[in-house]
Amino acid sequence: MSEILTCTNITKRFGGLVAIDDVSFSIKKGETLGFIGPNGAGKSTMVNVMGGYLKADAGKIILDDVDITKMPPHKRVHEGIARTYQIPRPFPELTALMSVDVASICGKNRKNQSFEDAAGDATHYLEFVGLFSKRNIIAKDLTFFELRMLELARALATTPKVLFIDEVMAGLNPGEASTAVKMVLKAKEQFDLTIFWIEHVMAVLVEAADRIVVIQYGQKIAEGTPDEVVNNDTVVEAYLGKGWRNYA
Amino acid sequence: MVDVEIKRDRIVIRWREKKWDWMIEPRYWRNTMYWTLALILFPVFAYFLSPGLVNTMVSANIYAAIAIPLSLMTVGTGRINFGPNFYIGVGGYVAALLSIHLGMSPWLTLPLAVLMSAFCALVFSPLVIMAKGLYYVLLTLLLPLLFLEVTFIWTGIFKGDVGLFGIELLFDLGGAKLNFIAAAYVSAAIMLLFLLIANKVLKSRYGLIMAAINDDEEVAHGIGVNINLVKILTFIGASAMIGVMGWFMAHYFGTFSGITYLPLTYMLKILLVFMVGGRAQIFGCVAGGYFVAFLEEFLIRVMGDFQPVAFPIILLILLFVLPRGEGLFGLYRRRHYREYMPQIHVRR
């Protein structure tokens with residue numbers, strides 16, 4: 001398997017605070033890479049750096065042999081990166097179909113795609129995430145779970161190579177959460193995606209991920225298969241604190 | 001090079017790799033025809049009933065034709081510009097100065113006025129990228145006021161105190177009444193042209209992208225929209241359209257002074273047209289323009305000196321009373337649930 005996305009020595013500082021400190025990892029094509037860490041570890045900052053919303057102070061990001069370190073977000077999308085948000089951020093006044101439509105029109109440089117073509121495309125993605133019956137509902141009237149799915153559809157409509165998923169479980173009840181996780185895995189299979197999955201809940205990633213990277217205080221502390229990471233003392237310490245053995 | 005193909009229900013235009021569809025649906029044209037007919041017949045009736053109303057119609061058309069590009073700009077940049085009258089000033093002064101000093105005809109000054117407005121918009125376009133929320137409001141609000149100061153400082157050129165006069169008239173048909181009627185038709189034509197352009201843009205793919213930017217800029221950027229390009233293009237295009245109105249006013253009245261158009265009162269009137277008509281809805285702008293212009297005229301006749309006080313109060317009350325925040329246009333037409341209704345963002 002070749003590497004599709006490589007991050008080398010990424011550093012991001014906010015004033016004096018080092019949010020990400022010299023983190024390097026790479027994602028192989030077709031794999032699901034989990035990215036975990038305790039609260040405030042710098043997970044979302046990492047996604048923002050990789051998505052282009054924040055500029056890295058040092059380091060290099062290479063997607064499929066293209067250096068995207070200095071590209072603005074929309075160009076990275078054209079190169080094949082898409083993301084969902086931790087808190088759903090729909091276009092509140094647009095219908096579900098139109099929101100996905102925009103992504104379909106702009107996700108790649110499709111000069112000839114008419115409105116109708118884009119709508120056909122968008123319908124397919126909405127159907128995939130199970131929102132076809134809600135296609136004409138304005139996004140602000142959708143439920144939280146439906147917004148999550150709408151975000152997934154919107155991200156898929158840009159036809160990404162790598163999909164960043166930022167906490168798909170947050171705010172969902174167990175039933176919805178398992179549906180969401182299944183949906184992501186199904187999307188990975190159907191659209192031939194590589195997934196970079198940030199999650200707070202370890203249990204999901206142990207099931208779904210091929211490899212997991214753990215960060216704490218902006219530093220990478222472990223990397224490996226789920227089993228290795230779960231049994232890694234440093235990781236458990238990061239989550240539970242140093243004295244955890246006394247209570248185990 | 002440009003390939004035009006006429007099909008049963010649409011005209012397809014192809015140029016290089018690009019393709020535009022223009023839908024033609026005659027069954028939807030009924031209302032358009034009625035309203036256009038009303039616009040055409042109104043000056044004729046007013047000519048016999050009360051010629052002053054023709055003049056009111058001209059100012060109504062002017063308000064509408066300024067508010068329409070302003071709505072386009074508001075949706076496309078996701079911010080509300082509080083200084084649209086800056087571009088009226090630019091267009092008007094360019095037309096006036098060129099006409100007076102170089103003796104240019106109105107048709108020569110038009111492209112230059114448009115170019116100058118577009119150039120000024122290009123110079124100030126970084127604002128739509130850098131400034132957000134209240135900063136954008138303040139900065140755009142400052143521009144016309146600064147320009148007003150400039151007209152006073154370089155009063156030798158701009159004649160800030162007395163106004164420029166002696167501008168070549170757009171048309172001179174021999175009688176004041178005939179000129180009014182001609183102006184009414186020309187202003188209505190400009191207004192309808194702007195309406196057509198704005199409607200076409202808003203219903204296109206570009207319009208959908210503009211709606212996405214208005215709803216959430218950052219997310220739009222994150223799904224591949226080149227937001228800076230769209231925002232700047234919209235800003236420049238809409239400013240150039242507003243500049244055309246400055247040109248029209250300079251050549252219609254034959255005089256132009258910054259003090260009429262650049263102060264806050266004029267800006268407030270435009271913004272009220274824009275809000276009372278229907279919250280950045282282009283058809284609402286027409287309703288708002290006519291309503292505001294005729295209300296103004298009516299109040300002047302009824303109340304006299306008290307008008308400047310009563311006028312904004314009535315409009316402000318209307319802003320709250322009109323249903324669903326959709327203004328006068330919302331009274332006429334019940335909006336379909338699915339239609340896009342832009343939210344106005346002053347703060348983010």
# chains A, B, ... in the order shown; residues from 1 in each chain; ligands from 1
>>> interface_residues(of="chain B", to="chain A", cutoff="10 Å", atoms="only C-alpha atoms", output="PyMOL selection string")
chain B and resi 14+17-21+203-206+208-227+337-343
>>> select_by_dssp(residues="range 20-196 of chain A", states="strand (DSSP E or B)", output="PyMOL selection string")
chain A and resi 20-28+32-36+58-63+66-67+81-83+95+138+162-166+194-196
>>> residues_around(residues="Phe171 in chain B", least_positions_apart="4", cutoff="12 Å", atoms="only C-alpha atoms", output="PyMOL selection string")
chain B and resi 105-107+167+175-176+178-186+248+251-254
>>> residues_around(residues="range 133-146 of chain B", least_positions_apart="3", cutoff="7 Å", atoms="only C-alpha atoms", output="list of chain:residue names")
B:Asn81, B:Phe82, B:Gly83, B:Asn85, B:Phe86, B:Leu127, B:Glu149, B:Val150, B:Leu262, B:Pro263, B:Val346, B:Arg347, B:Arg348
>>> closest_residue(among="A:Lys220, A:His200, A:Arg245, A:Lys161", to="Gly30 in chain A", atoms="only C-alpha atoms")
A:Lys161
>>> residues_around(residues="Asn232 in chain A", least_positions_apart="5", cutoff="12 Å", atoms="only C-alpha atoms", output="PyMOL selection string")
chain A and resi 212-214+221-227+237-239
>>> residues_around(residues="Phe144 in chain A", least_positions_apart="5", cutoff="9 Å", atoms="only C-alpha atoms", output="count of residues only")
4
>>> atom_distance(atom1="CA of His124 in chain A", atom2="CA of Ala180 in chain A")
17.7 Å
>>> residues_around(residues="Leu63 in chain A", least_positions_apart="6", cutoff="8 Å", atoms="only C-alpha atoms", output="number ranges by chain")
A: 4-6, 79
